[in-house]
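Enquirer: Hey, dropping target21.csv in here, CSV, C-alpha atoms:
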chain,number,residue,atom,x,y,z
A,13,MET,CA,92.3,95.0,113.7
A,14,TRP,CA,91.4,91.9,111.6
A,15,ILE,CA,91.7,94.0,108.4
A,16,LEU,CA,95.2,95.0,109.4
A,17,ILE,CA,96.1,91.4,110.2
A,18,PHE,CA,94.8,90.0,106.9
A,19,THR,CA,96.5,92.9,104.9
A,20,ALA,CA,99.8,92.1,106.7
A,21,MET,CA,99.3,88.4,105.9
A,22,ILE,CA,98.7,89.1,102.2
A,23,LEU,CA,101.7,91.4,102.0
A,24,ALA,CA,103.9,88.8,103.8
A,25,ALA,CA,102.7,86.1,101.3
A,26,ILE,CA,103.6,88.2,98.3
A,27,LEU,CA,107.1,88.9,99.7
A,28,SER,CA,107.4,85.2,100.7
A,29,ILE,CA,106.6,84.0,97.1
A,30,ILE,CA,109.2,86.5,95.7
A,31,TYR,CA,111.8,85.3,98.2
A,32,LEU,CA,111.1,81.6,97.7
A,33,ALA,CA,111.2,81.9,93.9
A,34,GLY,CA,114.8,83.2,94.2
A,35,ARG,CA,115.7,80.4,96.7
A,36,VAL,CA,114.1,77.6,94.7
A,37,ALA,CA,116.0,78.8,91.6
A,38,ARG,CA,119.2,78.0,93.4
A,39,PHE,CA,118.7,74.3,93.0
A,40,SER,CA,120.9,72.9,90.3
A,41,VAL,CA,118.0,71.5,88.2
A,42,PHE,CA,116.5,75.0,87.9
A,43,GLN,CA,119.9,76.6,87.2
A,44,LYS,CA,120.5,74.2,84.4
A,45,ALA,CA,117.0,74.9,83.0
A,46,ALA,CA,117.6,78.7,83.1
A,47,LYS,CA,121.2,78.5,81.8
A,48,ASP,CA,122.3,81.4,84.0
A,49,ARG,CA,119.7,83.8,82.7
A,50,LYS,CA,118.6,85.6,85.9
A,51,VAL,CA,115.0,86.5,84.8
A,52,ILE,CA,114.3,83.1,83.4
A,53,ARG,CA,115.8,81.5,86.5
A,54,PHE,CA,113.5,83.6,88.7
A,55,VAL,CA,110.5,82.6,86.6
A,56,VAL,CA,111.4,78.9,86.7
A,57,GLY,CA,111.8,79.1,90.5
A,58,ALA,CA,108.5,80.9,90.9
A,59,VAL,CA,106.5,78.2,89.0
A,60,PRO,CA,106.8,75.4,91.7
A,61,VAL,CA,106.3,78.0,94.5
A,62,LEU,CA,103.1,79.3,92.9
A,63,LEU,CA,102.0,75.7,92.1
A,64,ILE,CA,102.3,74.7,95.7
A,65,PHE,CA,100.5,77.8,96.8
A,66,ILE,CA,97.6,77.1,94.4
A,67,ILE,CA,97.3,73.4,95.4
A,68,ILE,CA,97.2,74.3,99.1
A,69,GLY,CA,94.8,77.1,98.4
A,70,ILE,CA,92.4,74.8,96.5
A,71,THR,CA,92.5,72.0,99.1
A,72,LEU,CA,92.7,73.9,102.3
A,73,GLY,CA,91.8,77.5,101.4
A,74,VAL,CA,93.8,80.6,100.6
A,75,ILE,CA,94.4,81.5,104.3
A,76,ASN,CA,96.1,78.2,104.9
A,77,ALA,CA,98.2,78.6,101.7
A,78,ILE,CA,99.4,81.9,103.1
A,79,VAL,CA,100.1,80.3,106.4
A,80,ALA,CA,102.1,77.5,104.8
A,81,ILE,CA,104.1,79.8,102.5
A,82,ILE,CA,105.0,82.2,105.3
A,83,HIS,CA,106.1,79.3,107.5
A,84,LEU,CA,108.3,78.0,104.7
A,85,THR,CA,109.9,81.4,104.2
A,86,VAL,CA,110.7,81.9,107.9
A,87,ILE,CA,112.2,78.4,108.2
A,88,TRP,CA,114.1,78.8,104.9
A,89,LEU,CA,115.6,82.1,106.2
A,90,LEU,CA,116.8,80.4,109.3
A,91,CYS,CA,118.3,77.5,107.3
A,92,ASP,CA,120.0,79.9,105.0
A,93,GLY,CA,121.4,81.8,108.0
A,94,ILE,CA,122.7,78.6,109.6
A,95,ASN,CA,124.1,77.4,106.3
A,96,ARG,CA,126.1,80.6,105.9
A,97,LEU,CA,127.4,80.4,109.5
A,98,VAL,CA,128.6,76.8,108.9
A,99,GLU,CA,130.2,77.7,105.6
A,100,LYS,CA,132.0,80.7,107.2
A,101,SER,CA,133.2,78.7,110.2
A,102,ARG,CA,134.5,75.9,108.0
A,103,ASN,CA,135.7,78.2,105.3
A,104,VAL,CA,134.0,76.1,102.6
A,105,LYS,CA,131.3,76.5,100.0
A,106,PHE,CA,128.8,73.7,99.8
A,107,GLU,CA,128.3,72.5,96.3
A,108,LYS,CA,124.7,71.4,96.9
A,109,TYR,CA,122.0,73.5,98.3
A,110,TYR,CA,121.4,71.6,101.6
A,111,ALA,CA,119.8,74.6,103.3
A,112,GLY,CA,116.9,74.5,100.8
A,113,VAL,CA,116.3,70.8,101.1
A,114,LEU,CA,116.4,71.1,104.9
A,115,ALA,CA,114.0,74.0,104.9
A,116,ILE,CA,111.4,72.2,102.8
A,117,GLY,CA,111.7,69.0,105.0
A,118,ILE,CA,111.4,70.9,108.3
A,119,THR,CA,108.4,72.9,107.0
A,120,VAL,CA,106.6,69.8,105.8
A,121,ILE,CA,107.2,68.0,109.2
A,122,TYR,CA,106.3,71.1,111.2
A,123,LEU,CA,103.0,71.7,109.3
A,124,ILE,CA,102.1,68.0,109.6
A,125,CYS,CA,102.5,68.3,113.3
A,126,GLY,CA,100.4,71.5,113.3
A,127,TRP,CA,97.7,69.6,111.4
A,128,TYR,CA,97.7,66.8,113.9
A,129,LEU,CA,97.6,69.2,116.9
A,130,ALA,CA,94.5,70.9,115.4
A,131,ASN,CA,92.7,67.8,114.3
A,132,HIS,CA,93.3,65.5,117.3
A,133,VAL,CA,91.6,66.4,120.6
A,134,TRP,CA,93.3,66.0,123.9
A,135,ARG,CA,91.9,66.0,127.5
A,136,THR,CA,93.2,68.7,129.8
A,137,GLU,CA,92.4,68.6,133.5
A,138,TYR,CA,92.5,71.2,136.2
A,139,ILE,CA,91.8,70.9,139.9
A,140,LEU,CA,90.5,73.9,141.7
A,141,GLU,CA,90.1,74.2,145.5
A,142,THR,CA,87.7,76.5,147.3
A,143,ASP,CA,86.5,77.2,150.8
A,144,LYS,CA,82.9,77.5,149.7
A,145,GLN,CA,80.3,74.8,150.5
A,146,VAL,CA,80.2,73.4,146.9
A,147,GLY,CA,81.5,69.9,147.7
A,148,LYS,CA,82.9,68.1,144.6
A,149,LEU,CA,81.9,69.3,141.2
A,150,ARG,CA,83.1,68.0,137.8
A,151,ILE,CA,82.7,70.5,135.0
A,152,ILE,CA,83.4,69.6,131.4
A,153,GLN,CA,84.1,72.7,129.3
A,154,PHE,CA,84.6,73.0,125.5
A,155,ALA,CA,84.6,76.0,123.2
A,156,ASP,CA,85.3,76.9,119.5
A,157,SER,CA,84.1,73.7,117.9
A,158,HIS,CA,83.3,75.7,114.7
A,159,VAL,CA,81.5,72.6,113.5
A,160,GLY,CA,82.4,71.7,110.0
A,161,THR,CA,86.1,72.8,110.3
A,162,THR,CA,88.0,69.8,111.6
A,163,PHE,CA,85.0,67.6,112.1
A,164,ASP,CA,81.4,67.5,111.0
A,165,GLY,CA,78.3,66.7,113.1
A,166,GLU,CA,79.1,63.0,113.2
A,167,GLY,CA,82.7,63.7,114.2
A,168,PHE,CA,81.5,66.0,117.0
A,169,ALA,CA,79.3,63.1,118.3
A,170,GLU,CA,82.5,61.0,118.8
A,171,HIS,CA,84.0,63.8,120.9
A,172,VAL,CA,80.8,64.0,122.9
A,173,LYS,CA,81.2,60.3,123.7
A,174,ALA,CA,84.7,61.1,125.1
A,175,MET,CA,83.3,63.8,127.3
A,176,GLN,CA,80.5,61.6,128.5
A,177,ALA,CA,83.1,59.0,129.6
A,178,GLU,CA,84.4,61.7,132.1
A,179,ASN,CA,81.1,61.3,134.1
A,180,PRO,CA,80.5,65.1,134.2
A,181,ASP,CA,78.2,66.8,136.7
A,182,ILE,CA,77.7,69.5,134.2
A,183,VAL,CA,78.9,70.4,130.7
A,184,VAL,CA,79.3,74.0,129.6
A,185,VAL,CA,79.8,75.3,126.0
A,186,THR,CA,81.6,78.6,126.0
A,187,GLY,CA,80.9,79.9,122.5
A,188,ASP,CA,81.6,79.5,118.8
A,189,PHE,CA,79.8,76.1,118.8
A,190,VAL,CA,79.1,76.7,115.1
A,191,ASP,CA,80.6,78.9,112.4
A,192,ASP,CA,79.4,81.0,109.5
A,193,ASP,CA,80.3,78.1,107.3
A,194,SER,CA,78.7,75.4,109.5
A,195,THR,CA,75.9,73.7,107.5
A,196,LYS,CA,72.4,73.4,108.8
A,197,GLU,CA,72.8,69.6,108.7
A,198,ASP,CA,75.9,69.7,110.8
A,199,MET,CA,74.4,72.2,113.2
A,200,ILE,CA,71.4,70.0,113.8
A,201,ALA,CA,73.5,66.8,114.2
A,202,SER,CA,75.8,68.5,116.7
A,203,CYS,CA,72.9,69.8,118.8
A,204,ALA,CA,71.5,66.3,118.8
A,205,ALA,CA,74.8,65.0,120.0
A,206,LEU,CA,74.7,67.4,122.9
A,207,GLY,CA,71.3,66.0,123.7
A,208,MET,CA,72.8,62.6,124.3
A,209,LEU,CA,74.9,63.8,127.2
A,210,LYS,CA,73.8,62.4,130.6
A,211,THR,CA,74.9,64.7,133.5
A,212,THR,CA,73.8,65.6,136.9
A,213,TYR,CA,72.9,69.2,136.2
A,214,GLY,CA,72.6,69.4,132.4
A,215,VAL,CA,74.3,71.2,129.6
A,216,TYR,CA,74.7,75.1,129.5
A,217,TYR,CA,75.5,77.3,126.6
A,218,ALA,CA,76.8,80.8,126.1
A,219,PHE,CA,77.2,82.4,122.7
A,220,GLY,CA,80.4,83.3,121.0
A,221,ASN,CA,81.0,85.8,118.3
A,222,HIS,CA,80.4,83.4,115.4
A,223,ASP,CA,77.3,81.5,116.7
A,224,LYS,CA,74.7,84.0,115.5
A,225,GLY,CA,76.4,84.4,112.1
A,226,TYR,CA,78.0,87.5,110.7
A,227,TYR,CA,76.4,87.4,107.3
A,228,GLY,CA,72.8,86.7,108.0
A,229,PRO,CA,70.7,83.5,107.9
A,230,GLU,CA,70.7,83.4,104.1
A,231,TYR,CA,74.4,82.8,104.0
A,232,ARG,CA,74.4,79.5,106.0
A,233,GLY,CA,70.8,78.6,105.9
A,234,TYR,CA,69.7,79.2,109.5
A,235,SER,CA,69.5,82.0,112.0
A,236,GLY,CA,70.7,82.4,115.6
A,237,GLU,CA,67.1,81.8,116.7
A,238,GLU,CA,67.0,78.5,114.9
A,239,LEU,CA,70.3,77.5,116.6
A,240,ILE,CA,68.7,78.2,119.9
A,241,ALA,CA,65.6,76.2,119.0
A,242,GLN,CA,67.7,73.2,118.2
A,243,LEU,CA,69.8,73.5,121.3
A,244,GLU,CA,66.7,73.8,123.5
A,245,LYS,CA,65.1,70.9,121.7
A,246,ASN,CA,68.0,68.8,122.9
A,247,ASN,CA,67.8,70.1,126.5
A,248,VAL,CA,70.7,72.5,126.3
A,249,LYS,CA,70.1,75.6,128.4
A,250,VAL,CA,71.1,78.7,126.5
A,251,LEU,CA,72.1,81.6,128.8
A,252,GLN,CA,72.1,85.1,127.5
A,253,ASP,CA,72.9,87.4,130.4
A,254,GLU,CA,71.1,84.9,132.7
A,255,THR,CA,72.0,83.2,135.9
A,256,VAL,CA,70.8,79.9,137.3
A,257,LEU,CA,71.2,78.4,140.8
A,258,LEU,CA,71.9,74.7,140.8
A,259,ASP,CA,71.4,72.4,143.7
A,260,ASN,CA,71.3,75.4,146.0
A,261,ARG,CA,75.2,75.4,146.0
A,262,PHE,CA,76.5,76.9,142.8
A,263,TYR,CA,75.6,79.4,140.1
A,264,ILE,CA,76.1,79.3,136.3
A,265,ILE,CA,76.2,82.8,134.9
A,266,GLY,CA,76.0,82.9,131.1
A,267,ARG,CA,77.0,86.2,129.4
A,268,GLN,CA,76.2,87.6,126.1
A,269,ASP,CA,79.3,87.7,124.0
A,270,ARG,CA,81.3,90.9,123.7
A,271,SER,CA,80.6,91.0,120.0
A,272,GLU,CA,77.0,92.1,120.9
A,273,GLU,CA,78.5,95.5,122.0
A,274,GLN,CA,80.6,95.6,118.8
A,275,ARG,CA,77.3,95.0,116.8
A,276,GLY,CA,75.7,97.9,118.6
A,277,SER,CA,73.6,95.9,121.1
A,278,ASP,CA,73.9,95.8,124.9
A,279,ARG,CA,75.0,93.2,127.3
A,280,ALA,CA,74.7,93.2,131.1
A,281,SER,CA,77.8,94.2,133.1
A,282,MET,CA,79.2,91.8,135.6
A,283,LYS,CA,78.0,94.0,138.4
A,284,GLU,CA,74.4,93.7,137.1
A,285,LEU,CA,74.7,89.9,136.7
A,286,VAL,CA,75.9,89.3,140.3
A,287,SER,CA,73.5,91.7,141.9
A,288,GLY,CA,71.4,89.9,144.5
A,289,LEU,CA,73.4,86.6,144.3
A,290,ASP,CA,74.4,84.8,147.4
A,291,SER,CA,78.2,85.3,147.6
A,292,SER,CA,78.6,82.3,149.8
A,293,LYS,CA,77.8,80.0,146.9
A,294,TYR,CA,80.2,79.1,144.2
A,295,SER,CA,79.8,81.0,140.9
A,296,VAL,CA,80.9,80.0,137.4
A,297,VAL,CA,80.8,82.5,134.6
A,298,LEU,CA,80.6,81.5,130.9
A,299,ASP,CA,82.1,84.3,128.9
A,300,HIS,CA,83.4,83.5,125.4
A,301,GLN,CA,86.0,86.3,125.1
A,302,PRO,CA,88.6,86.7,127.9
A,303,HIS,CA,88.3,90.5,128.0
A,304,ASP,CA,86.6,91.7,131.2
A,305,TYR,CA,88.9,90.4,134.0
A,306,ASP,CA,89.0,93.5,136.2
A,307,ALA,CA,85.2,93.7,136.4
A,308,GLN,CA,84.9,90.0,137.0
A,309,THR,CA,87.5,90.1,139.7
A,310,ALA,CA,85.7,93.1,141.3
A,311,ALA,CA,82.4,91.1,141.1
A,312,GLY,CA,84.0,88.4,143.2
A,313,VAL,CA,82.9,85.5,141.0
A,314,ASP,CA,84.9,82.2,141.6
A,315,LEU,CA,85.5,80.9,138.1
A,316,VAL,CA,85.4,82.4,134.6
A,317,LEU,CA,85.5,80.1,131.6
A,318,SER,CA,86.4,81.4,128.2
A,319,GLY,CA,87.6,80.3,124.7
A,320,HIS,CA,87.9,82.5,121.6
A,321,THR,CA,91.7,82.7,121.4
A,322,HIS,CA,92.3,79.2,120.1
A,323,GLY,CA,95.2,79.0,122.4
A,324,GLY,CA,97.1,81.6,120.3
A,325,GLN,CA,96.9,79.2,117.3
A,326,LEU,CA,100.3,79.8,115.7
A,327,PHE,CA,103.8,80.0,117.2
A,328,PRO,CA,105.5,82.6,117.7
A,329,ILE,CA,102.5,85.0,117.4
A,330,ASN,CA,100.5,83.2,120.1
A,331,TYR,CA,100.2,86.3,122.2
A,332,VAL,CA,99.2,88.9,119.7
A,333,GLY,CA,95.7,89.2,121.3
A,334,GLU,CA,97.3,90.1,124.6
A,335,TRP,CA,99.8,92.5,123.1
A,336,THR,CA,97.0,94.4,121.3
A,337,GLY,CA,94.6,94.3,124.3
A,338,GLU,CA,92.0,92.2,122.5
A,339,ASN,CA,92.4,89.4,125.0
A,340,GLU,CA,93.6,89.5,128.7
A,341,LYS,CA,94.8,85.9,128.5
A,342,THR,CA,95.6,83.5,125.7
A,343,TYR,CA,95.5,80.1,127.3
A,344,GLY,CA,95.4,78.3,130.6
A,345,LEU,CA,94.7,79.1,134.2
A,346,GLU,CA,95.3,82.4,136.0
A,347,LYS,CA,94.1,83.6,139.4
A,348,ARG,CA,93.4,87.2,140.4
A,349,GLU,CA,92.5,87.7,144.0
A,350,ASN,CA,89.8,85.1,144.6
A,351,THR,CA,88.8,84.6,140.9
A,352,ASN,CA,90.1,81.8,138.7
A,353,PHE,CA,90.2,82.5,135.0
A,354,LEU,CA,90.5,79.6,132.6
A,355,VAL,CA,90.9,79.9,128.8
A,356,THR,CA,90.7,76.8,126.6
A,357,SER,CA,92.4,76.5,123.2
A,358,GLY,CA,89.2,75.0,121.8
A,359,ILE,CA,88.1,71.6,120.6
A,360,SER,CA,88.6,72.5,116.9
A,361,ASP,CA,89.7,75.3,114.7
A,362,TRP,CA,88.5,78.1,112.5
A,363,ALA,CA,89.8,79.1,109.0
A,364,ILE,CA,93.4,78.1,109.8
A,365,LYS,CA,93.8,74.3,109.8
A,366,PHE,CA,97.0,74.2,111.8
A,367,LYS,CA,97.8,74.7,115.5
A,368,THR,CA,101.5,75.1,116.1
A,369,GLY,CA,101.4,77.0,119.4
A,370,CYS,CA,98.9,74.8,121.2
A,371,LYS,CA,96.6,71.8,120.7
A,372,SER,CA,92.9,71.1,120.5
A,373,GLU,CA,91.3,70.1,123.7
A,374,TYR,CA,88.2,69.7,125.9
A,375,VAL,CA,88.7,70.6,129.6
A,376,VAL,CA,87.9,68.7,132.7
A,377,ILE,CA,87.6,70.9,135.8
A,378,ASP,CA,87.3,69.3,139.2
A,379,VAL,CA,86.2,71.8,141.8
A,380,GLN,CA,86.9,70.6,145.3
A,381,GLY,CA,85.1,72.6,148.0
A,382,ALA,CA,84.3,72.3,151.7
Could you render the structure from this file as structure tokens?

Expert:
Amino acid sequence: MWILIFTAMILAAILSIIYLAGRVARFSVFQKAAKDRKVIRFVVGAVPVLLIFIIIGITLGVINAIVAIIHLTVIWLLCDGINRLVEKSRNVKFEKYYAGVLAIGITVIYLICGWYLANHVWRTEYILETDKQVGKLRIIQFADSHVGTTFDGEGFAEHVKAMQAENPDIVVVTGDFVDDDSTKEDMIASCAALGMLKTTYGVYYAFGNHDKGYYGPEYRGYSGEELIAQLEKNNVKVLQDETVLLDNRFYIIGRQDRSEEQRGSDRASMKELVSGLDSSKYSVVLDHQPHDYDAQTAAGVDLVLSGHTHGGQLFPINYVGEWTGENEKTYGLEKRENTNFLVTSGISDWAIKFKTGCKSEYVVIDVQGA
């Protein structure tokens, strides 16, 4: 699926550059330079478009250059359409190309907002009620830090301070703590930051699809085992298809990520994970990818915490994961029978540096039981 998405993005970028070259050439300064020679005018229009693409590609990466150029194209098309409707309704022809100026301005503002939504971290709170004898329990959840993307190890430590200020009973990490491009130094610093957390029951960790690395330890300088060692050194409990009972009143069930199956390995089913558990106790499942809701509902667990989707990342394609069946939910809270499912948009980002359909966050969950 990712190959198809990236292929579509590249094709869209090529078409966007061609379209924008023609649109930019409509500005009077370029028309004068080309002296009504169509080919020259197109080339002159293409130069600033390609220059912008190259600058963004060098500073933010090719994927973000593609994202920016596609956004500009879509907004420009809309502005052109509105411009034509206004001209037709007023029966006039604007001398200046206002649509182009407006398109550029809107795109710049839109992407600046998207940058801010990705790089600033909000606090999102949920209150969940249950009849089970769990009392009051404050859970802090975060996922998809992809350390090194929007913040480094030191920056992550500042976010940890904000989470500590919530006075959590427990902190859970639901995958993609690090990325294939996270340096060893940032990984170690981030693990150390987690070790500074003071909670009632500790910090628990479930793997995401990026944590163990797709390209081998040589690529980023450390292996999944070294990541585990650093986490455990800082008193973080790594759960790989494992369950722990805390205070004799609630379970934390940490699943292996779905990517283990895609890599040819096995992971335990929900039925296996809940076998022998006391159903009268509250159960919290850490499962990076929101993709097993029927089995989790049938297992009768109380709360499933996931990440992975980045909240859909970009409007208006937020729900592509749901449309293709890759994800069962993109963002927020949903209840099926007696099971609550919560998907966070993540505390950071991955390759794309903008969030236009959501915002970065950590989650505060207050469970209120009998």

Enquirer: So which one's closest to Leu123 of chain A, A:Phe39, A:Phe327, A:Trp362, A:Phe262? Using all atoms listed in the file, please.

Expert: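 Among the listed residues, A:Phe327 lies closest to Leu123 of chain A.
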
Enquirer: Could you check which of A:Tyr234, A:Phe219, A:Tyr122, A:Tyr213 is closest to Tyr263 of chain A, using all atoms listed in the file?

Expert: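 Using all atoms listed in the file, Tyr263 of chain A sits closest to A:Tyr213.
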
Enquirer: Using all atoms listed in the file, what table do you get, as a Markdown table, when you list each residue of segment 316-355 of chain A with an atom no more than 8 Å from segment 154-168 of chain A, its nearest pair of atoms, and their distance in Å rounded to one decimal, rows by chain then rising number?

Expert:
| residue | atom | partner | partner_atom | distance |
| --- | --- | --- | --- | --- |
| A:Ser318 | CA | A:Ala155 | CA | 7.6 |
| A:Gly319 | CA | A:Ala155 | CA | 5.5 |
| A:His320 | CA | A:Asp156 | CA | 6.5 |
| A:His322 | CA | A:Asp156 | CA | 7.4 |

Enquirer: Can you pull out every residue within 10 Å of Lys173 of chain A, counting all atoms listed in the file, but drop anything in the same chain fewer than 2 positions away, and send it as an NGL selection string?

Expert: :A and (168-171 or 175-178 or 205-206 or 208-209)

Enquirer: Between A:Met199, A:Val41, A:Ile17, A:Val313, single out the one closest to Ser292 of chain A, counting all atoms listed in the file.

Expert: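 Checking each of A:Met199, A:Val41, A:Ile17, A:Val313 against Ser292 of chain A, counting all atoms listed in the file, the winner is A:Val313.
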
Enquirer: What does the distance from atom CA of Leu317 of chain A to atom CA of Glu244 of chain A come to in Å, to one decimal?

Expert: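 Interatomic distance, atom CA of Leu317 of chain A to atom CA of Glu244 of chain A: 21.4 Å.
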
Enquirer: Taking 3 positions as the minimum chain separation for residues in the same chain, which residues sit within 12 Å of Gly344 of chain A when counting all atoms listed in the file? Answer as a ChimeraX atom specification.

Expert: /A:136-138,302,316-319,321-324,340-341,347,352-358,370-371,373,375,377

Enquirer: Please, what distance in Å, to one decimal, runs between atom CA of Leu298 of chain A and atom CA of Ile15 of chain A?

Expert: 28.0 Å

Enquirer: Just the number, please: distance in Å from atom CA of Val185 of chain A to atom CA of Tyr217 of chain A, one decimal.

Expert: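 Value for the atom CA of Val185 of chain A-atom CA of Tyr217 of chain A distance: 4.8 Å.
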
Enquirer: Write out as a list in words which residues come within 12 Å of Leu251 of chain A when counting all atoms listed in the file, dropping same-chain ones fewer than 5 positions away.

Expert: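 Final neighbour list, sorted by chain and number: Val184, Val185, Thr186, Gly187, Val215, Tyr216, Tyr217, Ala218, Phe219, Gly220, Ile240, Leu243, Glu244, Val256, Ile264, Ile265, Gly266, Arg267, Gln268, Asp269, Leu285, Val297, Leu298, Asp299 and His300 of chain A.
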
Enquirer: With distances taken over all atoms listed in the file, which residue among A:Gln301, A:Ser271, A:Gln242, A:Gln153 lies nearest Asn339 of chain A?

Expert: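 Looking only at the distances to Asn339 of chain A, the closest residue turns out to be A:Gln301.
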
Enquirer: Pick from A:Leu345, A:Val79, A:Ala24, A:Val296: nearest to Ile151 of chain A, with all atoms listed in the file counted?

Expert: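 The answer is A:Val296, which sits nearest to Ile151 of chain A.
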
Enquirer: Pick out the closest residue to Asp253 of chain A from this set: A:Glu272, A:Asp192, A:Asp92, A:Glu338. Count only C-alpha atoms.

Expert: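 The closest residue to Asp253 of chain A is A:Glu272.
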
Enquirer: Can you list, as a list in words, every protein, DNA or RNA residue that comes within 9 Å of Thr309 of chain A when you count all atoms listed in the file, leaving out same-chain residues fewer than 5 positions away?

Expert: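 Counting only the stated atoms, we get Asp304, Asp314, Arg348, Glu349, Asn350, Thr351 and Asn352 of chain A.
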
Enquirer: Build an axis-aligned box that encloses every atom of segment 167-170 of chain A listed in the file, pad it by 5 Å on each side, and report its centre and edge lengths in Å to one decimal, as AutoDock Vina command-line options.

Expert:
--center_x 81.0 --center_y 63.5 --center_z 116.5 --size_x 13.4 --size_y 15.0 --size_z 14.6

Enquirer: Should you be able to, write segment 232-243 of chain A of this structure into a file that contains N, CA, C and O atoms, as a compact mmCIF listing (two decimals), in the first residue's frame.

Expert:
# COMPACT_ATOMS: atom_id res chain seq x y z
N ARG A 232 21.04 2.73 11.91
CA ARG A 232 20.90 3.81 12.90
C ARG A 232 21.87 3.69 14.08
O ARG A 232 21.90 4.58 14.94
N GLY A 233 22.62 2.60 14.13
CA GLY A 233 23.66 2.49 15.14
C GLY A 233 23.26 1.75 16.40
O GLY A 233 24.05 1.70 17.35
N TYR A 234 22.08 1.15 16.45
CA TYR A 234 21.66 0.36 17.61
C TYR A 234 20.52 -0.56 17.20
O TYR A 234 19.81 -0.32 16.22
N SER A 235 20.36 -1.61 17.96
CA SER A 235 19.35 -2.62 17.66
C SER A 235 18.14 -2.47 18.57
O SER A 235 18.15 -1.67 19.52
N GLY A 236 17.11 -3.25 18.29
CA GLY A 236 15.95 -3.28 19.16
C GLY A 236 16.30 -3.76 20.55
O GLY A 236 15.75 -3.28 21.56
N GLU A 237 17.25 -4.69 20.64
CA GLU A 237 17.68 -5.19 21.95
C GLU A 237 18.38 -4.10 22.76
O GLU A 237 18.21 -4.01 23.98
N GLU A 238 19.16 -3.26 22.08
CA GLU A 238 19.83 -2.17 22.77
C GLU A 238 18.81 -1.13 23.26
O GLU A 238 18.99 -0.53 24.32
N LEU A 239 17.76 -0.92 22.48
CA LEU A 239 16.69 -0.02 22.90
C LEU A 239 16.03 -0.56 24.16
O LEU A 239 15.81 0.17 25.13
N ILE A 240 15.73 -1.86 24.16
CA ILE A 240 15.13 -2.49 25.35
C ILE A 240 16.05 -2.33 26.56
O ILE A 240 15.59 -2.00 27.66
N ALA A 241 17.33 -2.53 26.34
CA ALA A 241 18.29 -2.43 27.45
C ALA A 241 18.29 -1.03 28.05
O ALA A 241 18.32 -0.86 29.28
N GLN A 242 18.23 -0.01 27.20
CA GLN A 242 18.21 1.37 27.70
C GLN A 242 16.90 1.68 28.42
O GLN A 242 16.90 2.38 29.45
N LEU A 243 15.79 1.18 27.90
CA LEU A 243 14.50 1.39 28.56
C LEU A 243 14.49 0.73 29.94
O LEU A 243 14.11 1.36 30.94
